[in-house]
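Note: the block below is query24.csv and it holds CSV, C-alpha atoms.
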chain,number,residue,atom,x,y,z
A,42,MET,CA,122.2,149.6,231.0
A,43,PHE,CA,122.9,146.7,233.3
A,44,LYS,CA,120.2,144.5,234.8
A,45,LEU,CA,121.0,144.6,238.5
A,46,ASP,CA,117.8,143.2,240.0
A,47,LEU,CA,118.6,139.6,239.3
A,48,PRO,CA,117.0,136.9,241.4
A,49,PRO,CA,119.2,135.1,243.9
A,50,ASP,CA,120.7,131.7,243.1
A,51,PRO,CA,118.6,128.9,244.7
A,52,LYS,CA,121.6,126.8,245.5
A,53,GLU,CA,123.4,129.7,247.2
A,54,VAL,CA,120.2,130.6,249.2
A,55,ALA,CA,119.8,126.9,250.3
A,56,ALA,CA,123.4,126.7,251.4
A,57,ILE,CA,123.1,129.9,253.4
A,58,GLU,CA,119.9,128.7,255.0
A,59,ALA,CA,121.5,125.4,255.9
A,60,ARG,CA,124.5,127.1,257.5
A,61,ARG,CA,122.2,129.4,259.4
A,62,ASN,CA,120.2,126.4,260.7
A,63,ARG,CA,123.3,124.6,261.8
A,64,GLU,CA,124.5,127.6,263.6
A,65,LYS,CA,121.2,128.0,265.4
A,66,GLU,CA,121.3,124.3,266.4
A,67,ARG,CA,124.8,124.6,267.7
A,68,ARG,CA,123.9,127.7,269.7
A,69,SER,CA,120.9,126.0,271.2
A,70,GLN,CA,123.0,123.0,272.3
A,71,ILE,CA,125.6,125.3,273.9
A,72,PHE,CA,123.4,127.9,275.6
A,73,ASN,CA,120.5,125.7,276.6
A,74,VAL,CA,121.3,124.9,280.3
A,75,GLN,CA,118.8,122.0,280.5
A,76,ASN,CA,120.2,120.0,277.6
A,77,ARG,CA,123.8,121.0,277.9
A,78,VAL,CA,126.1,118.2,279.2
A,79,LEU,CA,129.5,118.8,280.7
A,80,GLY,CA,132.1,116.2,280.1
A,81,VAL,CA,131.4,112.8,278.4
A,82,ASP,CA,127.8,111.6,277.7
A,83,VAL,CA,128.1,108.0,279.0
A,84,ALA,CA,124.6,107.0,278.1
A,85,ALA,CA,125.0,108.2,274.5
A,86,LEU,CA,128.3,106.3,274.2
A,87,ASN,CA,126.8,103.1,275.6
A,88,SER,CA,123.9,103.3,273.1
A,89,GLN,CA,126.4,103.8,270.3
A,90,VAL,CA,128.4,100.8,271.4
A,91,GLU,CA,125.2,98.6,271.5
A,92,GLU,CA,124.1,99.8,268.1
A,93,ARG,CA,127.6,99.0,266.7
A,94,LYS,CA,127.5,95.4,268.1
A,95,LEU,CA,124.0,94.9,266.8
A,96,TRP,CA,125.0,96.1,263.4
A,97,LYS,CA,128.1,93.8,263.4
A,98,ALA,CA,126.0,90.8,264.4
A,99,THR,CA,123.5,91.5,261.6
A,100,GLU,CA,126.2,91.8,259.0
A,101,GLN,CA,127.8,88.5,260.1
A,102,ASN,CA,124.5,86.7,259.9
A,103,ARG,CA,123.8,88.3,256.5
A,104,GLU,CA,127.3,87.3,255.2
A,105,ALA,CA,126.9,83.7,256.5
A,106,ALA,CA,123.5,83.3,254.8
A,107,TYR,CA,124.9,84.9,251.6
A,108,GLY,CA,128.0,82.5,251.7
A,109,THR,CA,125.8,79.5,252.1
A,110,SER,CA,123.6,80.5,249.1
A,111,GLN,CA,126.7,81.3,247.0
A,112,VAL,CA,128.1,77.8,247.7
A,113,GLN,CA,124.8,76.2,246.5
A,114,TYR,CA,124.7,78.4,243.5
A,115,ASP,CA,128.3,77.6,242.6
A,116,VAL,CA,127.8,73.9,242.9
A,117,VAL,CA,124.7,74.1,240.6
A,118,ALA,CA,126.7,76.3,238.1
A,119,GLN,CA,129.5,73.8,238.1
A,120,MET,CA,127.1,70.9,237.4
A,121,GLN,CA,125.5,72.9,234.6
A,122,GLN,CA,128.9,73.8,233.1
A,123,LYS,CA,130.0,70.2,233.2
A,124,GLU,CA,126.8,69.0,231.5
A,125,GLU,CA,127.2,71.7,228.8
A,126,ALA,CA,130.9,70.8,228.3
A,127,GLU,CA,129.8,67.1,228.0
A,128,ARG,CA,127.2,68.0,225.4
A,129,SER,CA,129.7,70.2,223.4
A,130,ARG,CA,132.3,67.4,223.5
A,131,HIS,CA,129.8,64.8,222.3
A,132,LEU,CA,128.7,67.1,219.5
A,133,ALA,CA,132.3,67.8,218.5
A,134,LYS,CA,133.0,64.0,218.6
A,135,LYS,CA,130.1,63.3,216.3
A,136,VAL,CA,131.2,66.1,213.9
A,137,GLN,CA,134.8,64.8,213.8
A,138,GLU,CA,133.6,61.2,213.2
A,139,PHE,CA,131.4,62.4,210.3
A,140,ARG,CA,134.3,64.3,208.8
A,141,GLU,CA,136.7,61.3,209.1
A,142,GLN,CA,134.1,58.9,207.6
A,143,LYS,CA,132.3,61.1,205.0
A,144,GLN,CA,134.7,63.9,204.1
A,145,GLN,CA,138.0,62.2,203.5
A,146,LEU,CA,140.6,63.9,201.3
A,147,LYS,CA,140.8,61.0,198.8
A,148,ASN,CA,137.0,61.0,198.3
A,149,ARG,CA,136.7,64.7,197.4
A,150,GLN,CA,135.1,65.6,194.1
A,151,GLU,CA,136.3,69.2,193.8
A,152,CYS,CA,138.6,70.0,190.9
A,153,SER,CA,141.8,71.9,191.5
A,154,LEU,CA,142.2,74.8,189.1
A,155,SER,CA,145.9,74.9,189.5
A,156,ASP,CA,146.4,71.3,188.4
A,157,GLN,CA,145.3,71.0,184.7
A,158,ASN,CA,146.4,67.3,184.5
A,159,GLN,CA,144.4,66.1,187.5
A,160,GLY,CA,142.4,63.7,185.4
A,161,TRP,CA,145.5,62.0,184.1
A,162,THR,CA,147.5,61.9,187.3
A,163,GLU,CA,144.6,60.8,189.5
A,164,PHE,CA,144.3,57.4,187.8
A,165,PRO,CA,147.8,56.4,186.5
A,166,GLY,CA,148.1,54.0,183.7
A,167,GLN,CA,150.4,51.7,185.6
A,168,ALA,CA,148.8,51.3,189.0
A,169,GLY,CA,150.6,48.1,190.1
A,170,ASP,CA,153.0,47.1,187.5
A,171,TYR,CA,155.7,49.6,186.5
A,172,SER,CA,157.1,47.7,183.6
A,173,PRO,CA,158.0,49.9,180.7
A,174,GLY,CA,156.4,47.5,178.3
A,175,TYR,CA,152.9,48.7,179.1
A,176,GLY,CA,151.4,51.8,177.7
A,177,LEU,CA,148.6,54.1,178.7
A,178,ALA,CA,146.0,51.9,177.0
A,179,SER,CA,147.1,48.7,178.7
A,180,MET,CA,144.8,47.3,181.4
A,181,GLN,CA,146.6,47.1,184.8
A,182,CYS,CA,143.6,46.9,187.2
A,183,PHE,CA,140.8,44.4,186.7
A,184,ALA,CA,137.3,44.2,188.3
A,185,GLY,CA,137.4,42.9,191.9
A,186,GLU,CA,141.2,43.4,192.2
A,187,ASP,CA,142.6,45.5,195.0
A,188,LEU,CA,146.3,46.1,194.7
A,189,HIS,CA,146.6,48.1,198.0
A,190,ARG,CA,144.5,45.7,200.1
A,191,ALA,CA,147.1,44.9,202.7
A,192,THR,CA,148.0,48.6,203.2
A,193,ASP,CA,144.3,49.6,203.4
A,194,ARG,CA,143.5,46.8,205.8
A,195,ARG,CA,146.4,47.8,208.1
A,196,MET,CA,145.3,51.4,208.0
A,197,GLN,CA,141.7,50.4,208.8
A,198,GLN,CA,142.9,48.3,211.7
A,199,GLU,CA,144.9,51.2,213.1
A,200,GLN,CA,141.9,53.5,212.7
A,201,TYR,CA,139.7,51.0,214.5
A,202,ARG,CA,142.3,50.6,217.3
A,203,TYR,CA,142.6,54.4,217.7
A,204,THR,CA,138.8,54.9,217.7
A,205,LEU,CA,138.4,52.1,220.3
A,206,GLU,CA,141.1,53.6,222.6
A,207,LYS,CA,139.6,57.0,222.3
A,208,GLN,CA,136.1,55.7,223.1
A,209,ILE,CA,137.5,53.8,226.1
A,210,GLN,CA,139.3,56.9,227.3
A,211,GLU,CA,136.2,59.1,226.9
A,212,TYR,CA,134.1,56.5,228.7
A,213,GLN,CA,136.5,56.5,231.6
A,214,GLN,CA,136.7,60.3,231.8
A,215,ALA,CA,132.9,60.4,231.8
A,216,ARG,CA,132.7,57.8,234.5
A,217,LEU,CA,135.3,59.7,236.6
A,218,GLY,CA,133.4,62.9,236.0
A,219,LYS,CA,130.1,61.4,237.1
A,220,GLN,CA,131.9,59.9,240.2
A,221,TYR,CA,133.3,63.3,241.0
A,222,THR,CA,129.9,64.9,240.5
A,223,ASP,CA,128.2,62.4,242.8
A,224,GLN,CA,130.9,62.7,245.4
A,225,LEU,CA,130.5,66.5,245.2
A,226,SER,CA,126.8,66.3,245.7
A,227,ASP,CA,127.2,63.9,248.7
A,228,GLN,CA,129.8,66.2,250.2
A,229,LEU,CA,127.4,69.2,249.7
A,230,ARG,CA,124.5,67.5,251.4
A,231,LEU,CA,126.7,66.4,254.3
A,232,ALA,CA,128.2,69.9,254.6
A,233,MET,CA,124.7,71.5,254.5
A,234,ASP,CA,123.7,69.2,257.4
A,235,ALA,CA,126.8,70.0,259.4
A,236,LYS,CA,127.2,73.7,258.5
A,237,ALA,CA,126.2,74.9,261.9
A,238,THR,CA,128.9,72.9,263.7
A,239,GLN,CA,131.7,72.6,261.1
A,240,PRO,CA,131.8,75.6,258.7
A,241,ALA,CA,135.5,75.5,258.2
A,242,LYS,CA,135.5,71.8,257.3
A,243,LEU,CA,132.7,72.4,254.8
A,244,GLU,CA,134.6,75.2,253.1
A,245,GLU,CA,137.8,73.1,252.9
A,246,ALA,CA,136.0,70.0,251.5
A,247,TYR,CA,134.2,72.2,249.0
A,248,ARG,CA,137.4,73.9,247.9
A,249,LYS,CA,139.2,70.5,247.4
A,250,ALA,CA,136.2,69.0,245.5
A,251,VAL,CA,135.9,72.0,243.2
A,252,SER,CA,139.7,72.1,242.6
A,253,SER,CA,139.7,68.4,241.7
A,254,LEU,CA,136.7,68.8,239.4
A,255,LYS,CA,138.3,71.9,237.8
A,256,ALA,CA,141.6,69.9,237.3
A,257,ASN,CA,139.8,67.0,235.6
A,258,ALA,CA,137.8,69.4,233.4
A,259,ASN,CA,140.9,71.3,232.5
A,260,LYS,CA,142.8,68.1,231.6
A,261,ALA,CA,139.9,66.9,229.4
A,262,LYS,CA,139.7,70.3,227.8
A,263,ALA,CA,143.5,70.4,227.3
A,264,ALA,CA,143.4,67.0,225.6
A,265,GLU,CA,140.6,68.0,223.4
A,266,LEU,CA,142.3,71.3,222.4
A,267,ALA,CA,145.5,69.4,221.7
A,268,GLU,CA,143.7,67.1,219.3
A,269,GLN,CA,141.9,69.9,217.7
A,270,LYS,CA,145.1,71.9,217.3
A,271,ARG,CA,146.8,68.9,215.7
A,272,LEU,CA,144.1,68.6,213.1
A,273,GLU,CA,144.2,72.3,212.5
A,274,ASN,CA,148.0,72.1,212.0
A,275,GLU,CA,147.6,69.3,209.5
A,276,ASP,CA,145.0,71.3,207.6
A,277,GLN,CA,147.1,74.4,207.7
A,278,GLN,CA,150.2,72.6,206.4
A,279,GLU,CA,148.2,71.1,203.5
A,280,ALA,CA,146.8,74.5,202.7
A,281,ASN,CA,150.3,76.0,202.9
A,282,PHE,CA,151.7,73.4,200.5
A,283,THR,CA,148.9,74.1,198.1
A,284,GLU,CA,149.5,77.8,198.3
A,285,ILE,CA,153.2,77.4,197.8
A,286,GLN,CA,152.6,75.3,194.7
A,287,ASN,CA,150.2,77.9,193.4
A,288,GLN,CA,152.6,80.7,194.0
A,289,ILE,CA,155.5,78.9,192.3
A,290,THR,CA,153.5,78.1,189.2
A,291,SER,CA,151.7,81.5,188.9
A,292,ASP,CA,152.9,85.0,187.9
A,293,LEU,CA,152.3,86.5,191.3
A,294,LEU,CA,156.0,86.3,192.4
A,295,THR,CA,157.5,87.8,189.2
A,296,GLU,CA,159.1,91.3,189.3
A,297,ASN,CA,158.0,92.2,185.8
A,298,PRO,CA,156.0,95.5,185.8
A,299,ARG,CA,154.1,94.5,182.7
A,300,VAL,CA,152.2,91.8,184.7
A,301,ALA,CA,150.4,94.6,186.6
A,302,GLN,CA,149.1,96.3,183.4
A,303,HIS,CA,145.5,95.8,182.4
A,304,SER,CA,145.0,94.0,179.1
A,305,VAL,CA,142.3,96.5,177.9
A,306,ASN,CA,143.4,99.7,179.5
A,307,PRO,CA,147.2,100.0,179.7
A,308,ARG,CA,146.9,103.0,182.2
A,309,GLN,CA,145.1,100.9,184.7
A,310,VAL,CA,147.2,99.0,187.2
A,311,LEU,CA,146.2,95.6,188.7
A,312,ALA,CA,146.7,96.0,192.4
A,313,TYR,CA,147.0,92.3,193.2
A,314,CYS,CA,149.8,91.8,190.6
A,315,TRP,CA,151.7,95.1,191.1
A,316,LYS,CA,155.2,94.4,192.6
A,317,VAL,CA,157.7,97.0,191.5
A,318,MET,CA,157.8,100.6,190.2
A,319,THR,CA,159.1,101.8,186.9
A,320,PRO,CA,162.3,104.0,186.7
A,321,GLU,CA,160.1,107.0,185.7
A,322,GLN,CA,158.0,106.6,188.8
A,323,ARG,CA,161.0,106.2,191.1
A,324,ALA,CA,162.6,109.3,189.4
A,325,ALA,CA,159.3,111.3,190.0
A,326,ILE,CA,159.3,110.3,193.7
A,327,THR,CA,163.0,111.2,194.1
A,328,LYS,CA,162.3,114.6,192.5
A,329,ALA,CA,159.4,115.2,194.8
A,330,GLN,CA,161.5,114.2,197.8
A,331,GLU,CA,164.3,116.5,196.7
A,332,LYS,CA,161.8,119.4,196.3
A,333,GLN,CA,160.4,118.8,199.8
A,334,ARG,CA,164.0,118.7,201.2
A,335,HIS,CA,164.8,122.1,199.6
A,336,GLU,CA,161.6,123.6,201.0
A,337,GLU,CA,162.3,122.2,204.5
A,338,GLU,CA,165.8,123.6,204.3
A,339,ALA,CA,164.4,127.1,203.3
A,340,GLN,CA,162.0,126.9,206.2
A,341,ARG,CA,164.8,126.1,208.6
A,342,GLN,CA,166.9,129.0,207.3
A,343,ALA,CA,164.0,131.4,207.7
A,344,LYS,CA,163.3,130.1,211.2
A,345,ARG,CA,167.0,130.5,212.1
A,346,ALA,CA,167.0,134.1,210.8
A,347,LEU,CA,163.8,134.8,212.7
A,348,ASP,CA,165.4,133.3,215.9
A,349,ALA,CA,168.5,135.4,215.4
A,350,GLU,CA,166.4,138.6,214.9
A,351,TRP,CA,164.5,137.8,218.1
A,352,GLU,CA,167.8,137.2,220.0
A,353,SER,CA,169.2,140.5,218.8
A,354,GLN,CA,166.0,142.3,219.8
A,355,THR,CA,166.1,140.6,223.2
A,356,SER,CA,169.7,141.6,223.8
A,357,CYS,CA,169.0,145.2,222.8
A,358,LEU,CA,166.0,145.3,225.1
A,359,ALA,CA,168.1,143.8,228.0
A,360,GLN,CA,170.8,146.5,227.4
A,361,ALA,CA,168.2,149.2,227.4
A,362,ILE,CA,166.8,147.8,230.7
A,363,VAL,CA,170.4,147.8,232.2
A,364,ASP,CA,170.9,151.4,231.1
A,365,LEU,CA,167.6,152.5,232.6
A,366,GLU,CA,168.5,150.7,235.9
A,367,GLU,CA,171.9,152.5,235.9
A,368,GLN,CA,170.2,155.8,235.3
A,369,GLU,CA,167.7,155.1,238.0
A,370,ARG,CA,170.5,154.3,240.5
A,371,GLN,CA,172.3,157.6,239.6
A,372,LEU,CA,169.1,159.6,240.1
A,373,CYS,CA,168.6,157.9,243.5
A,374,ALA,CA,172.1,158.6,244.5
A,375,GLU,CA,171.8,162.3,243.5
A,376,PHE,CA,168.5,162.5,245.4
A,377,GLN,CA,170.0,161.0,248.5
A,378,ARG,CA,172.9,163.5,248.3
A,379,GLY,CA,170.4,166.4,247.9
A,380,LEU,CA,168.3,165.1,250.8
A,381,GLY,CA,171.5,164.9,253.0
A,382,SER,CA,172.5,168.4,252.3
A,383,PHE,CA,168.9,169.6,252.9
A,384,ASN,CA,168.9,167.8,256.2
A,385,GLN,CA,172.2,169.4,257.2
A,386,GLN,CA,170.9,172.8,256.3
A,387,LEU,CA,167.8,172.2,258.5
A,388,ALA,CA,170.0,171.0,261.4
A,389,LYS,CA,172.1,174.2,261.2
A,390,GLU,CA,169.0,176.4,261.1
A,391,GLN,CA,167.5,174.5,264.1
A,392,LYS,CA,170.8,174.8,266.0
A,393,ALA,CA,170.9,178.6,265.3
A,394,GLN,CA,167.3,179.0,266.5
A,395,GLU,CA,168.1,177.1,269.7
A,396,ASN,CA,171.2,179.2,270.4
A,397,TYR,CA,169.1,182.4,269.8
A,398,LEU,CA,166.5,181.3,272.3
A,399,ASN,CA,169.0,180.2,274.9
A,400,SER,CA,171.3,183.2,274.6
A,401,ILE,CA,169.0,186.1,274.0
A,402,ILE,CA,165.4,185.4,274.9
A,403,TYR,CA,165.7,183.1,278.0
A,404,THR,CA,168.4,185.1,279.9
A,405,ASN,CA,166.6,186.3,283.1
A,406,GLN,CA,166.8,183.9,286.2
A,407,PRO,CA,163.7,183.8,288.6
A,408,THR,CA,164.4,185.1,292.2
A,409,ALA,CA,163.3,183.8,295.6
A,410,GLU,CA,160.6,186.3,295.9
A,411,TYR,CA,159.1,185.0,292.6
A,412,LEU,CA,159.2,181.5,293.8
A,413,SER,CA,157.7,182.3,297.3
A,414,PRO,CA,153.8,182.1,297.2
A,415,ALA,CA,153.3,184.2,300.4
A,416,VAL,CA,155.1,187.1,299.0
A,417,GLN,CA,153.2,186.9,295.8
A,418,HIS,CA,149.9,187.0,297.8
A,419,GLN,CA,150.8,190.0,300.0
A,420,GLN,CA,152.7,192.2,297.5
A,421,PRO,CA,151.2,192.7,294.1
A,422,LEU,CA,153.4,192.7,291.1
A,423,SER,CA,155.0,196.0,290.1
A,424,SER,CA,153.8,197.9,287.2
A,425,GLY,CA,157.2,197.5,285.4
A,426,TRP,CA,157.9,195.0,282.6
A,427,PHE,CA,158.9,191.5,283.7
A,428,SER,CA,160.9,189.3,281.3
A,429,LEU,CA,159.6,185.8,280.6
A,430,PRO,CA,161.1,183.2,282.8
A,431,HIS,CA,163.3,180.4,281.4
A,432,ARG,CA,161.4,177.6,279.7
A,433,GLY,CA,162.7,175.1,282.2
A,434,TYR,CA,160.6,176.8,285.0
A,435,GLU,CA,157.4,177.2,283.1
Go through the file and emit its structure as structure tokens.
Amino acid sequence: MFKLDLPPDPKEVAAIEARRNREKERRSQIFNVQNRVLGVDVAALNSQVEERKLWKATEQNREAAYGTSQVQYDVVAQMQQKEEAERSRHLAKKVQEFREQKQQLKNRQECSLSDQNQGWTEFPGQAGDYSPGYGLASMQCFAGEDLHRATDRRMQQEQYRYTLEKQIQEYQQARLGKQYTDQLSDQLRLAMDAKATQPAKLEEAYRKAVSSLKANANKAKAAELAEQKRLENEDQQEANFTEIQNQITSDLLTENPRVAQHSVNPRQVLAYCWKVMTPEQRAAITKAQEKQRHEEEAQRQAKRALDAEWESQTSCLAQAIVDLEEQERQLCAEFQRGLGSFNQQLAKEQKAQENYLNSIIYTNQPTAEYLSPAVQHQQPLSSGWFSLPHRGYE
């Protein structure tokens, strides 16, 4: 029925064999008189101390070599990161210049769908003269005439000044970065020459140089991010204004439910235009919520009734347990009383038996002749009956 001839577990067999081998080795160390050592093995302890010192020296040499290589790798990585940042900054600068020169807002050729009168408002009829006497067909701007020449020239000069200042600042930052890089390279070479005599100074100089380089890089990056954030904010504000204008002039913000109805299929709802529910839909939702509320109330009532039934069953069961315990205590008390009366009866019978033995059976006292061994050896016992002696002289 059951397969009892199962093969043993290999893991369990291996564990038992390992424990057995360890026990044999321990016994051989204890019971072998030649190899047994009493007290402390000084030679073994000295060898362990020497091994520990050798291991520590090896680890220190390894850590020193690793630290030197890490310093070199970090310096090379810093230089590569700075070159990559310089290339990225130069590319971003070129992109920004192209956008400022070739992609200005006033030169755009896209047509705004929200502004139907763009063709009329882009080129007003009265560009320079706002006299009411001129109409739309009146010529206000002639060939070769620039009514906003002073404003455009002033803005162009400001743009040139801003570009020149920015180029000067970038050139100074690049020169400072190159100076810091050269200084860092010189310090690294000097530190590598004096690393055997002044490791602490090398580490401190390297830390200061790296900190200064990081600070300069962070400042340049922060300035670049600030400029980029400013441009992004301007673009975002312009997009927000356009979005607000579109929202105001469109039907998206209306609360009319008919806007969301499809023109071909009235049952279909346009999700991007839907804003409010109809009274019928709200009434259906309210009815469904009321139905769910009644169902939950019925479930709570049923649960309370079930809990009350369980509580009553629990109380009845507890009362039955109490009655059984009381009955058990009464039976135990009755048993103890019967056992006491039985013990009293046994004590009376034992006392009567003892009185019978002491008063009737063990009444004869031994004489001196019975106690004398010489008389017993010379004179044989008489043929008459002799009563049993008292049990105290047996």
Inset, instruction - Go ahead and compute the interatomic distance for CA of Tyr114 (chain A) and CA of Arg248 (chain A), in Å to one decimal. - result: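 Interatomic distance, CA of Tyr114 (chain A) to CA of Arg248 (chain A): 14.2 Å.
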Legend entry - One-decimal distance in Å that lies between CA of Gln119 (chain A) and CA of Gly218 (chain A): 11.8 Å
Inset, instruction - Rounded to one decimal place, report the CA of Pro51 (chain A)-CA of Ser69 (chain A) distance in Å. - result: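 Going from CA of Pro51 (chain A) over to CA of Ser69 (chain A), I get 26.8 Å.
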